[in-house]
file final_12.tsv (TSV, C-alpha atoms and all ligand atoms)
chain	number	residue	atom	x	y	z
A	8	MET	CA	-133.62	28.11	-27.87
A	9	ALA	CA	-132.97	30.66	-25.07
A	10	GLN	CA	-129.93	32.86	-25.44
A	11	GLY	CA	-127.04	32.60	-23.00
A	12	LEU	CA	-125.81	35.49	-20.89
A	13	ARG	CA	-123.21	37.82	-22.41
A	14	LEU	CA	-121.41	39.39	-19.47
A	15	VAL	CA	-118.31	41.52	-18.96
A	16	LEU	CA	-116.64	41.34	-15.55
A	17	PHE	CA	-114.82	44.61	-15.12
A	18	GLY	CA	-112.42	45.89	-12.49
A	19	PRO	CA	-108.77	46.54	-11.61
A	20	PRO	CA	-106.14	43.79	-11.34
A	21	GLY	CA	-106.79	41.97	-8.08
A	22	ALA	CA	-110.51	42.84	-7.95
A	23	GLY	CA	-111.42	39.15	-8.07
A	24	LYS	CA	-112.66	38.98	-11.68
A	25	GLY	CA	-111.09	35.57	-12.28
A	26	THR	CA	-112.46	34.09	-9.05
A	27	GLN	CA	-115.95	35.43	-9.68
A	28	ALA	CA	-115.84	34.35	-13.34
A	29	GLN	CA	-115.08	30.77	-12.30
A	30	LEU	CA	-118.00	30.75	-9.84
A	31	LEU	CA	-120.38	32.14	-12.45
A	32	ARG	CA	-119.10	29.74	-15.11
A	33	ASP	CA	-119.92	26.82	-12.80
A	34	SER	CA	-123.32	28.08	-11.65
A	35	LEU	CA	-124.60	29.58	-14.91
A	36	LYS	CA	-122.85	27.16	-17.32
A	37	VAL	CA	-121.45	29.87	-19.55
A	38	THR	CA	-118.03	29.98	-21.19
A	39	HIS	CA	-115.33	31.89	-19.30
A	40	ILE	CA	-113.03	33.84	-21.61
A	41	SER	CA	-110.00	35.43	-19.92
A	42	SER	CA	-107.64	37.35	-22.18
A	43	GLY	CA	-104.88	37.13	-19.55
A	44	ASP	CA	-105.28	33.33	-19.25
A	45	LEU	CA	-105.14	33.04	-23.03
A	46	PHE	CA	-101.88	34.98	-23.19
A	47	ARG	CA	-100.41	32.97	-20.28
A	48	HIS	CA	-101.39	29.75	-22.05
A	49	HIS	CA	-99.54	30.88	-25.19
A	50	LEU	CA	-96.60	31.98	-23.07
A	51	GLY	CA	-96.43	28.56	-21.44
A	52	GLN	CA	-96.49	26.91	-24.87
A	53	GLY	CA	-93.80	29.28	-26.14
A	54	THR	CA	-95.84	30.33	-29.19
A	55	GLU	CA	-95.00	33.44	-31.21
A	56	LEU	CA	-98.08	35.17	-29.74
A	57	GLY	CA	-96.98	34.23	-26.22
A	58	LEU	CA	-93.48	35.59	-26.75
A	59	ARG	CA	-94.85	38.80	-28.25
A	60	ALA	CA	-97.33	39.24	-25.36
A	61	LYS	CA	-94.70	38.50	-22.70
A	62	GLU	CA	-92.66	41.67	-23.27
A	63	TYR	CA	-95.75	43.78	-22.46
A	64	MET	CA	-97.21	41.57	-19.73
A	65	ASN	CA	-94.04	41.49	-17.67
A	66	LYS	CA	-93.89	45.28	-17.69
A	67	GLY	CA	-97.56	45.53	-16.67
A	68	GLU	CA	-98.51	47.17	-19.99
A	69	LEU	CA	-101.37	46.27	-22.32
A	70	VAL	CA	-100.55	43.96	-25.20
A	71	PRO	CA	-101.15	46.03	-28.38
A	72	ASP	CA	-104.66	45.97	-29.85
A	73	GLU	CA	-103.48	44.53	-33.19
A	74	VAL	CA	-102.25	41.44	-31.33
A	75	THR	CA	-105.16	41.22	-28.87
A	76	ILE	CA	-108.45	42.10	-30.54
A	77	ASP	CA	-108.64	39.54	-33.38
A	78	ILE	CA	-107.65	36.60	-31.22
A	79	ILE	CA	-110.14	37.42	-28.43
A	80	LEU	CA	-112.97	38.27	-30.82
A	81	ASP	CA	-112.40	34.96	-32.62
A	82	LYS	CA	-112.85	33.17	-29.33
A	83	ILE	CA	-115.93	35.16	-28.38
A	84	LEU	CA	-117.60	34.63	-31.75
A	85	SER	CA	-116.93	30.89	-31.57
A	86	VAL	CA	-119.24	30.59	-28.52
A	87	SER	CA	-122.79	29.57	-29.44
A	88	ASP	CA	-125.65	32.00	-28.77
A	89	GLU	CA	-127.29	29.47	-26.48
A	90	GLU	CA	-124.19	29.07	-24.31
A	91	GLY	CA	-123.20	32.70	-23.67
A	92	PHE	CA	-119.93	33.98	-22.17
A	93	ILE	CA	-118.23	35.86	-19.35
A	94	LEU	CA	-115.41	38.14	-20.41
A	95	ASP	CA	-112.65	38.68	-17.87
A	96	GLY	CA	-109.90	41.16	-18.81
A	97	PHE	CA	-111.45	42.25	-22.10
A	98	PRO	CA	-112.27	44.93	-23.21
A	99	ARG	CA	-109.47	46.91	-21.58
A	100	ASN	CA	-109.64	50.17	-23.52
A	101	PRO	CA	-112.39	52.04	-25.43
A	102	HIS	CA	-111.14	50.81	-28.82
A	103	GLN	CA	-111.49	47.18	-27.70
A	104	ALA	CA	-115.02	47.94	-26.42
A	105	GLU	CA	-115.96	49.47	-29.79
A	106	GLU	CA	-114.57	46.52	-31.74
A	107	LEU	CA	-116.40	44.08	-29.46
A	108	GLU	CA	-119.64	45.96	-29.98
A	109	LYS	CA	-119.16	45.94	-33.78
A	110	ALA	CA	-118.43	42.22	-33.82
A	111	LEU	CA	-121.51	41.39	-31.69
A	112	ASN	CA	-123.73	43.77	-33.65
A	113	GLY	CA	-122.70	41.84	-36.77
A	114	LYS	CA	-124.56	38.91	-35.22
A	115	SER	CA	-127.40	41.15	-33.94
A	116	ARG	CA	-126.11	40.67	-30.39
A	117	ASN	CA	-125.04	42.95	-27.55
A	118	ILE	CA	-123.42	42.78	-24.13
A	119	ASP	CA	-126.23	42.19	-21.60
A	120	LYS	CA	-124.42	43.42	-18.52
A	121	VAL	CA	-121.10	44.85	-17.35
A	122	VAL	CA	-120.45	44.22	-13.67
A	123	HIS	CA	-117.84	46.60	-12.28
A	124	ILE	CA	-116.16	45.24	-9.16
A	125	GLU	CA	-114.71	48.16	-7.20
A	126	VAL	CA	-111.82	47.57	-4.80
A	127	SER	CA	-109.65	50.14	-3.00
A	128	GLU	CA	-105.99	50.40	-4.02
A	129	PRO	CA	-104.50	49.29	-0.65
A	130	GLU	CA	-106.68	46.16	-0.77
A	131	LEU	CA	-105.60	45.45	-4.38
A	132	LEU	CA	-101.93	45.70	-3.38
A	133	ARG	CA	-102.51	43.39	-0.43
A	134	ARG	CA	-104.29	40.79	-2.54
A	135	LEU	CA	-101.87	40.78	-5.46
A	136	GLY	CA	-98.92	40.38	-3.11
A	137	GLY	CA	-100.41	37.10	-1.81
A	138	ARG	CA	-101.89	35.79	-5.06
A	139	TYR	CA	-100.79	32.48	-6.53
A	140	VAL	CA	-102.10	30.93	-9.73
A	141	CYS	CA	-102.38	27.30	-10.81
A	142	ARG	CA	-99.96	26.50	-13.62
A	143	ALA	CA	-102.40	23.97	-15.08
A	144	CYS	CA	-105.89	25.50	-14.85
A	145	GLN	CA	-105.00	29.14	-13.97
A	146	ALA	CA	-107.32	29.22	-10.93
A	147	PRO	CA	-106.27	32.09	-8.63
A	148	HIS	CA	-105.52	31.32	-4.94
A	149	ALA	CA	-104.96	33.66	-2.01
A	150	LEU	CA	-102.20	32.41	0.26
A	151	GLY	CA	-102.80	33.10	3.94
A	152	GLU	CA	-100.15	34.33	6.34
A	153	GLY	CA	-97.48	31.71	6.95
A	154	GLU	CA	-98.76	29.50	4.10
A	155	ASP	CA	-96.17	28.24	1.67
A	156	ALA	CA	-97.00	27.93	-2.06
A	157	ALA	CA	-94.62	24.99	-2.49
A	158	SER	CA	-96.56	22.82	-0.06
A	159	LYS	CA	-99.99	23.86	-1.32
A	160	LYS	CA	-101.68	22.53	-4.49
A	161	CYS	CA	-104.49	23.94	-6.62
A	162	ASP	CA	-107.79	23.25	-4.87
A	163	GLN	CA	-109.51	22.73	-8.22
A	164	CYS	CA	-107.16	20.38	-10.09
A	165	GLY	CA	-104.20	19.67	-7.78
A	166	GLY	CA	-101.80	21.56	-10.07
A	167	GLU	CA	-98.69	23.47	-8.99
A	168	LEU	CA	-99.16	27.04	-7.71
A	169	TYR	CA	-96.85	29.86	-8.80
A	170	GLN	CA	-96.66	33.62	-8.48
A	171	ARG	CA	-97.14	35.50	-11.75
A	172	ASP	CA	-94.15	37.56	-12.92
A	173	ASP	CA	-96.46	40.56	-13.25
A	174	ASP	CA	-97.63	40.30	-9.61
A	175	GLY	CA	-94.27	41.72	-8.47
A	176	PRO	CA	-94.41	45.25	-6.92
A	177	GLU	CA	-93.15	47.22	-9.98
A	178	ALA	CA	-95.46	45.53	-12.50
A	179	VAL	CA	-98.44	45.78	-10.11
A	180	LYS	CA	-97.90	49.52	-9.75
A	181	LYS	CA	-97.80	49.87	-13.53
A	182	ARG	CA	-100.89	47.67	-14.04
A	183	ILE	CA	-102.96	49.78	-11.66
A	184	GLU	CA	-101.75	52.95	-13.41
A	185	VAL	CA	-102.64	51.46	-16.82
A	186	TYR	CA	-106.05	50.44	-15.47
A	187	ASN	CA	-106.76	53.98	-14.22
A	188	GLN	CA	-105.60	55.63	-17.45
A	189	GLU	CA	-106.54	53.25	-20.26
A	190	THR	CA	-109.20	50.91	-18.91
A	191	MET	CA	-111.40	53.09	-16.67
A	192	PRO	CA	-112.75	55.10	-19.66
A	193	VAL	CA	-114.48	51.89	-20.82
A	194	LEU	CA	-116.90	52.39	-17.90
A	195	GLY	CA	-118.30	55.54	-19.57
A	196	PHE	CA	-118.84	53.57	-22.78
A	197	TYR	CA	-121.02	51.00	-21.02
A	198	ARG	CA	-122.70	53.50	-18.70
A	199	GLU	CA	-124.01	55.29	-21.80
A	200	ARG	CA	-125.47	51.99	-22.99
A	201	GLY	CA	-127.29	51.46	-19.68
A	202	VAL	CA	-125.72	48.07	-18.93
A	203	LEU	CA	-123.31	48.97	-16.13
A	204	ALA	CA	-123.72	47.75	-12.52
A	205	ASP	CA	-121.20	48.87	-9.87
A	206	ILE	CA	-120.67	46.58	-6.91
A	207	PRO	CA	-118.27	46.83	-3.94
A	208	GLY	CA	-115.53	44.20	-4.15
A	209	ASP	CA	-113.82	44.61	-0.76
A	210	ASN	CA	-116.07	41.91	0.76
A	211	THR	CA	-115.54	38.14	0.87
A	212	VAL	CA	-115.69	36.03	-2.30
A	213	GLY	CA	-119.13	34.70	-1.29
A	214	GLN	CA	-120.58	38.15	-0.59
A	215	VAL	CA	-119.29	39.55	-3.88
A	216	ASN	CA	-120.70	36.53	-5.73
A	217	LYS	CA	-124.11	37.19	-4.15
A	218	GLN	CA	-123.99	40.81	-5.25
A	219	VAL	CA	-122.94	39.86	-8.78
A	220	MET	CA	-125.87	37.42	-8.99
A	221	GLU	CA	-128.22	40.14	-7.74
A	222	ALA	CA	-126.89	42.55	-10.37
A	223	LEU	CA	-127.64	39.88	-12.97
A	224	GLY	CA	-131.14	39.39	-11.57
A	225	ALA	CA	-130.26	35.72	-11.05
A	301	LIG	P1	-104.84	39.72	-16.50
A	301	LIG	O1	-104.65	38.28	-16.27
A	301	LIG	O2	-106.23	40.06	-16.97
A	301	LIG	O3	-104.41	40.56	-15.32
A	301	LIG	O4	-103.87	40.12	-17.70
A	301	LIG	C1	-102.47	39.97	-17.61
A	301	LIG	C2	-101.79	40.80	-18.67
A	301	LIG	O5	-102.19	40.34	-19.97
A	301	LIG	C3	-102.16	42.28	-18.67
A	301	LIG	O6	-101.40	43.02	-17.73
A	301	LIG	C4	-101.83	42.66	-20.11
A	301	LIG	O7	-100.43	42.76	-20.30
A	301	LIG	C5	-102.29	41.42	-20.87
A	301	LIG	N1	-103.71	41.56	-21.26
A	301	LIG	C6	-104.76	40.82	-20.80
A	301	LIG	N2	-105.90	41.23	-21.38
A	301	LIG	C7	-105.58	42.22	-22.22
A	301	LIG	C8	-106.33	43.06	-23.09
A	301	LIG	N3	-107.67	42.96	-23.20
A	301	LIG	N4	-105.65	43.99	-23.82
A	301	LIG	C9	-104.33	44.11	-23.73
A	301	LIG	N5	-103.56	43.37	-22.91
A	301	LIG	C10	-104.18	42.43	-22.16
call {"tool": "encode", "arguments": {"input": "final_12.tsv", "output": "structure tokens", "more": "lines below"}}
Ligand code: AMP
result
Amino acid sequence: MAQGLRLVLFGPPGAGKGTQAQLLRDSLKVTHISSGDLFRHHLGQGTELGLRAKEYMNKGELVPDEVTIDIILDKILSVSDEEGFILDGFPRNPHQAEELEKALNGKSRNIDKVVHIEVSEPELLRRLGGRYVCRACQAPHALGEGEDAASKKCDQCGGELYQRDDDGPEAVKKRIEVYNQETMPVLGFYRERGVLADIPGDNTVGQVNKQVMEALGA
């Protein structure tokens, strides 16, 4: 049977990784794995993992590797070869990228493509300030000027929309700093492996989706 796509969506917070991952999941029928969604799910359930992750998430810092890597790799390795996956938010530092590579190599697999969505910092700040997330299915929504989250429901499942604690100005500043310092070096890792595609992410959702599909040769 044909193998599914193994893709990493890469980019700063607010680049649109979650939105693009959902579009690709629906069109390519691959599993979407978001490390942030997984942590938020645990947080909502009040599990030990969720409580541990919360102290880092709320400050805009990375959850330590010893908490993150095993749980995400478990999820990745549980996806069948035929189905394939899109990673959104993982790997977020070179050590995570190395551990992911080791785990996939253990199954004679590799990452097929890393799509890097580039967005300028002013645009990231603008987007994160107006971003609301569905409490039930985690779908991200951009609220337009004058729109009120309380009167709007998730356009995917009708769930309640809320603003993430870490989308406040202080945490956003920290998350962008962490991205520049800890996450950006992952790009060099994948560039060396010849799987990196850079695409501009300042455009509309539809235009970015088209460029992602082109980068995938789809
Ligand atoms: P995200 O939804 O991808 O913006 O992630 C929200 C928060 O979850 C991040 O700011 C981190 O605190 C934590 N997080 C998500 N993915 C990772 C990861 N791969 N490594 C460490 N922390 C992560």
call {"tool": "atom_distance", "arguments": {"input": "final_12.tsv", "atom1": "CA of Ile118 (chain A)", "atom2": "atom O3 of ligand LIG 301 (chain A)"}}
result
21.1 Å
call {"tool": "axis_aligned_box", "arguments": {"input": "final_12.tsv", "around": "region 216-221 of chain A", "padding_each_side": "5 Å", "output": "AutoDock Vina command-line options"}}
result
--center_x -124.5 --center_y 38.7 --center_z -6.6 --size_x 17.5 --size_y 14.3 --size_z 14.8
call {"tool": "atom_distance", "arguments": {"input": "final_12.tsv", "atom1": "CA of Pro71 (chain A)", "atom2": "CA of Ile124 (chain A)"}}
result
24.4 Å
call {"tool": "closest_residue", "arguments": {"input": "final_12.tsv", "among": "A:Arg138, A:Lys61, A:His49, A:Lys114", "to": "ligand LIG 301 (chain A)", "atoms": "all atoms listed in the file"}}
result
A:Lys61
call {"tool": "residues_around", "arguments": {"input": "final_12.tsv", "residues": "region 178-188 of chain A", "least_positions_apart": "6", "cutoff": "7 Å", "atoms": "all atoms listed in the file", "output": "VMD selection string"}}
result
chain A and resid 19 to 20 65 to 68
call {"tool": "atom_distance", "arguments": {"input": "final_12.tsv", "atom1": "CA of Leu69 (chain A)", "atom2": "CA of Ser87 (chain A)"}}
result
28.1 Å
call {"tool": "residues_around", "arguments": {"input": "final_12.tsv", "residues": "Ser34 (chain A)", "least_positions_apart": "5", "cutoff": "12 Å", "atoms": "only C-alpha atoms", "output": "JSON, numbers by chain"}}
result
{"A": [27, 28, 29, 39, 216, 217, 220, 225]}
call {"tool": "residues_near_ligand", "arguments": {"input": "final_12.tsv", "ligand": "ligand LIG 301 (chain A)", "cutoff": "10 Å", "atoms": "all atoms listed in the file", "output": "PyMOL selection string"}}
result
chain A and resi 17-22+24-25+41-47+60-76+79+94-100+103-104+145+147+171-174+178-179+181-183+185-186+189-190
call {"tool": "write_last_selection", "arguments": {"input": "final_12.tsv", "atoms": "C-alpha atoms", "output": "CSV table (one decimal), in the coordinates of the input"}}
result
chain,number,residue,atom,x,y,z
A,17,PHE,CA,-114.8,44.6,-15.1
A,18,GLY,CA,-112.4,45.9,-12.5
A,19,PRO,CA,-108.8,46.5,-11.6
A,20,PRO,CA,-106.1,43.8,-11.3
A,21,GLY,CA,-106.8,42.0,-8.1
A,22,ALA,CA,-110.5,42.8,-8.0
A,24,LYS,CA,-112.7,39.0,-11.7
A,25,GLY,CA,-111.1,35.6,-12.3
A,41,SER,CA,-110.0,35.4,-19.9
A,42,SER,CA,-107.6,37.4,-22.2
A,43,GLY,CA,-104.9,37.1,-19.6
A,44,ASP,CA,-105.3,33.3,-19.2
A,45,LEU,CA,-105.1,33.0,-23.0
A,46,PHE,CA,-101.9,35.0,-23.2
A,47,ARG,CA,-100.4,33.0,-20.3
A,60,ALA,CA,-97.3,39.2,-25.4
A,61,LYS,CA,-94.7,38.5,-22.7
A,62,GLU,CA,-92.7,41.7,-23.3
A,63,TYR,CA,-95.8,43.8,-22.5
A,64,MET,CA,-97.2,41.6,-19.7
A,65,ASN,CA,-94.0,41.5,-17.7
A,66,LYS,CA,-93.9,45.3,-17.7
A,67,GLY,CA,-97.6,45.5,-16.7
A,68,GLU,CA,-98.5,47.2,-20.0
A,69,LEU,CA,-101.4,46.3,-22.3
A,70,VAL,CA,-100.6,44.0,-25.2
A,71,PRO,CA,-101.2,46.0,-28.4
A,72,ASP,CA,-104.7,46.0,-29.8
A,73,GLU,CA,-103.5,44.5,-33.2
A,74,VAL,CA,-102.2,41.4,-31.3
A,75,THR,CA,-105.2,41.2,-28.9
A,76,ILE,CA,-108.4,42.1,-30.5
A,79,ILE,CA,-110.1,37.4,-28.4
A,94,LEU,CA,-115.4,38.1,-20.4
A,95,ASP,CA,-112.6,38.7,-17.9
A,96,GLY,CA,-109.9,41.2,-18.8
A,97,PHE,CA,-111.4,42.2,-22.1
A,98,PRO,CA,-112.3,44.9,-23.2
A,99,ARG,CA,-109.5,46.9,-21.6
A,100,ASN,CA,-109.6,50.2,-23.5
A,103,GLN,CA,-111.5,47.2,-27.7
A,104,ALA,CA,-115.0,47.9,-26.4
A,145,GLN,CA,-105.0,29.1,-14.0
A,147,PRO,CA,-106.3,32.1,-8.6
A,171,ARG,CA,-97.1,35.5,-11.8
A,172,ASP,CA,-94.2,37.6,-12.9
A,173,ASP,CA,-96.5,40.6,-13.2
A,174,ASP,CA,-97.6,40.3,-9.6
A,178,ALA,CA,-95.5,45.5,-12.5
A,179,VAL,CA,-98.4,45.8,-10.1
A,181,LYS,CA,-97.8,49.9,-13.5
A,182,ARG,CA,-100.9,47.7,-14.0
A,183,ILE,CA,-103.0,49.8,-11.7
A,185,VAL,CA,-102.6,51.5,-16.8
A,186,TYR,CA,-106.0,50.4,-15.5
A,189,GLU,CA,-106.5,53.2,-20.3
A,190,THR,CA,-109.2,50.9,-18.9
call {"tool": "closest_residue", "arguments": {"input": "final_12.tsv", "among": "A:Val126, A:Val219, A:Leu58, A:Val212", "to": "Ala149 (chain A)", "atoms": "all atoms listed in the file"}}
result
A:Val212
call {"tool": "residues_around", "arguments": {"input": "final_12.tsv", "residues": "region 155-163 of chain A", "least_positions_apart": "5", "cutoff": "12 Å", "atoms": "all atoms listed in the file", "output": "ChimeraX atom specification"}}
result
/A:26,29-30,137-150,168-170
call {"tool": "write_last_selection", "arguments": {"input": "final_12.tsv", "atoms": "C-alpha atoms", "output": "CSV table (one decimal), in the frame of the given file"}}
result
chain,number,residue,atom,x,y,z
A,26,THR,CA,-112.5,34.1,-9.0
A,29,GLN,CA,-115.1,30.8,-12.3
A,30,LEU,CA,-118.0,30.8,-9.8
A,137,GLY,CA,-100.4,37.1,-1.8
A,138,ARG,CA,-101.9,35.8,-5.1
A,139,TYR,CA,-100.8,32.5,-6.5
A,140,VAL,CA,-102.1,30.9,-9.7
A,141,CYS,CA,-102.4,27.3,-10.8
A,142,ARG,CA,-100.0,26.5,-13.6
A,143,ALA,CA,-102.4,24.0,-15.1
A,144,CYS,CA,-105.9,25.5,-14.8
A,145,GLN,CA,-105.0,29.1,-14.0
A,146,ALA,CA,-107.3,29.2,-10.9
A,147,PRO,CA,-106.3,32.1,-8.6
A,148,HIS,CA,-105.5,31.3,-4.9
A,149,ALA,CA,-105.0,33.7,-2.0
A,150,LEU,CA,-102.2,32.4,0.3
A,168,LEU,CA,-99.2,27.0,-7.7
A,169,TYR,CA,-96.8,29.9,-8.8
A,170,GLN,CA,-96.7,33.6,-8.5
call {"tool": "closest_residue", "arguments": {"input": "final_12.tsv", "among": "A:Pro207, A:Gly224, A:Pro192, A:Gly11", "to": "Glu89 (chain A)", "atoms": "all atoms listed in the file"}}
result
A:Gly11
call {"tool": "closest_residue", "arguments": {"input": "final_12.tsv", "among": "A:Val215, A:Leu16, A:Ile93, A:Met191", "to": "Arg32 (chain A)", "atoms": "all atoms listed in the file"}}
result
A:Ile93
call {"tool": "closest_residue", "arguments": {"input": "final_12.tsv", "among": "A:Ala222, A:Gly23, A:Gln52, A:His102", "to": "Gly208 (chain A)", "atoms": "only C-alpha atoms"}}
result
A:Gly23
call {"tool": "closest_residue", "arguments": {"input": "final_12.tsv", "among": "A:Gly91, A:Gly165, A:Val121, A:Lys109", "to": "Gly201 (chain A)", "atoms": "all atoms listed in the file"}}
result
A:Val121
call {"tool": "decode", "arguments": {"input": "final_12.tsv", "residues": "region 81-99 of chain A", "atoms": "N, CA, C and O atoms", "output": "PDB file, in the first residue's frame"}}
result
ATOM      1  N   ASP A  81       5.109   9.051  20.824  1.00  0.00           N
ATOM      2  CA  ASP A  81       4.131   7.950  20.966  1.00  0.00           C
ATOM      3  C   ASP A  81       2.975   8.133  19.989  1.00  0.00           C
ATOM      4  O   ASP A  81       2.534   7.211  19.336  1.00  0.00           O
ATOM      5  N   LYS A  82       2.494   9.371  19.946  1.00  0.00           N
ATOM      6  CA  LYS A  82       1.370   9.687  19.063  1.00  0.00           C
ATOM      7  C   LYS A  82       1.759   9.533  17.588  1.00  0.00           C
ATOM      8  O   LYS A  82       1.023   8.955  16.798  1.00  0.00           O
ATOM      9  N   ILE A  83       2.938  10.036  17.259  1.00  0.00           N
ATOM     10  CA  ILE A  83       3.406   9.965  15.870  1.00  0.00           C
ATOM     11  C   ILE A  83       3.569   8.504  15.441  1.00  0.00           C
ATOM     12  O   ILE A  83       3.138   8.101  14.362  1.00  0.00           O
ATOM     13  N   LEU A  84       4.172   7.708  16.324  1.00  0.00           N
ATOM     14  CA  LEU A  84       4.452   6.318  15.950  1.00  0.00           C
ATOM     15  C   LEU A  84       3.186   5.468  15.923  1.00  0.00           C
ATOM     16  O   LEU A  84       3.191   4.368  15.384  1.00  0.00           O
ATOM     17  N   SER A  85       2.099   5.997  16.500  1.00  0.00           N
ATOM     18  CA  SER A  85       0.851   5.220  16.487  1.00  0.00           C
ATOM     19  C   SER A  85       0.089   5.398  15.162  1.00  0.00           C
ATOM     20  O   SER A  85      -0.876   4.705  14.895  1.00  0.00           O
ATOM     21  N   VAL A  86       0.550   6.361  14.328  1.00  0.00           N
ATOM     22  CA  VAL A  86      -0.118   6.580  13.031  1.00  0.00           C
ATOM     23  C   VAL A  86       0.403   5.551  12.030  1.00  0.00           C
ATOM     24  O   VAL A  86       1.607   5.320  11.944  1.00  0.00           O
ATOM     25  N   SER A  87      -0.501   4.954  11.263  1.00  0.00           N
ATOM     26  CA  SER A  87      -0.069   3.917  10.316  1.00  0.00           C
ATOM     27  C   SER A  87       0.731   4.548   9.174  1.00  0.00           C
ATOM     28  O   SER A  87       0.549   5.724   8.847  1.00  0.00           O
ATOM     29  N   ASP A  88       1.604   3.750   8.570  1.00  0.00           N
ATOM     30  CA  ASP A  88       2.428   4.234   7.457  1.00  0.00           C
ATOM     31  C   ASP A  88       1.565   4.693   6.292  1.00  0.00           C
ATOM     32  O   ASP A  88       1.916   5.623   5.569  1.00  0.00           O
ATOM     33  N   GLU A  89       0.452   4.026   6.098  1.00  0.00           N
ATOM     34  CA  GLU A  89      -0.419   4.361   4.965  1.00  0.00           C
ATOM     35  C   GLU A  89      -1.088   5.717   5.177  1.00  0.00           C
ATOM     36  O   GLU A  89      -1.362   6.445   4.235  1.00  0.00           O
ATOM     37  N   GLU A  90      -1.383   6.049   6.442  1.00  0.00           N
ATOM     38  CA  GLU A  90      -2.138   7.264   6.713  1.00  0.00           C
ATOM     39  C   GLU A  90      -1.265   8.522   6.617  1.00  0.00           C
ATOM     40  O   GLU A  90      -1.648   9.508   5.999  1.00  0.00           O
ATOM     41  N   GLY A  91      -0.105   8.511   7.258  1.00  0.00           N
ATOM     42  CA  GLY A  91       0.762   9.684   7.265  1.00  0.00           C
ATOM     43  C   GLY A  91       0.284  10.745   8.244  1.00  0.00           C
ATOM     44  O   GLY A  91      -0.796  10.619   8.833  1.00  0.00           O
ATOM     45  N   PHE A  92       1.115  11.791   8.448  1.00  0.00           N
ATOM     46  CA  PHE A  92       0.790  12.806   9.469  1.00  0.00           C
ATOM     47  C   PHE A  92       1.311  14.184   9.094  1.00  0.00           C
ATOM     48  O   PHE A  92       2.220  14.314   8.273  1.00  0.00           O
ATOM     49  N   ILE A  93       0.680  15.190   9.716  1.00  0.00           N
ATOM     50  CA  ILE A  93       1.165  16.575   9.655  1.00  0.00           C
ATOM     51  C   ILE A  93       1.507  16.971  11.075  1.00  0.00           C
ATOM     52  O   ILE A  93       0.644  16.907  11.967  1.00  0.00           O
ATOM     53  N   LEU A  94       2.741  17.373  11.299  1.00  0.00           N
ATOM     54  CA  LEU A  94       3.121  17.846  12.637  1.00  0.00           C
ATOM     55  C   LEU A  94       3.016  19.367  12.674  1.00  0.00           C
ATOM     56  O   LEU A  94       3.490  20.055  11.770  1.00  0.00           O
ATOM     57  N   ASP A  95       2.411  19.851  13.752  1.00  0.00           N
ATOM     58  CA  ASP A  95       2.182  21.293  13.903  1.00  0.00           C
ATOM     59  C   ASP A  95       2.629  21.651  15.327  1.00  0.00           C
ATOM     60  O   ASP A  95       1.996  21.255  16.289  1.00  0.00           O
ATOM     61  N   GLY A  96       3.775  22.336  15.427  1.00  0.00           N
ATOM     62  CA  GLY A  96       4.291  22.708  16.757  1.00  0.00           C
ATOM     63  C   GLY A  96       5.359  21.778  17.274  1.00  0.00           C
ATOM     64  O   GLY A  96       5.867  21.962  18.386  1.00  0.00           O
ATOM     65  N   PHE A  97       5.721  20.780  16.510  1.00  0.00           N
ATOM     66  CA  PHE A  97       6.770  19.831  16.892  1.00  0.00           C
ATOM     67  C   PHE A  97       7.501  19.421  15.633  1.00  0.00           C
ATOM     68  O   PHE A  97       6.825  19.137  14.639  1.00  0.00           O
ATOM     69  N   PRO A  98       8.825  19.372  15.580  1.00  0.00           N
ATOM     70  CA  PRO A  98       9.772  19.678  16.655  1.00  0.00           C
ATOM     71  C   PRO A  98       9.981  21.187  16.821  1.00  0.00           C
ATOM     72  O   PRO A  98       9.854  21.937  15.875  1.00  0.00           O
ATOM     73  N   ARG A  99      10.335  21.566  18.053  1.00  0.00           N
ATOM     74  CA  ARG A  99      10.468  22.992  18.369  1.00  0.00           C
ATOM     75  C   ARG A  99      11.866  23.354  18.855  1.00  0.00           C
ATOM     76  O   ARG A  99      12.108  24.494  19.208  1.00  0.00           O
TER      77      ARG A  99
END
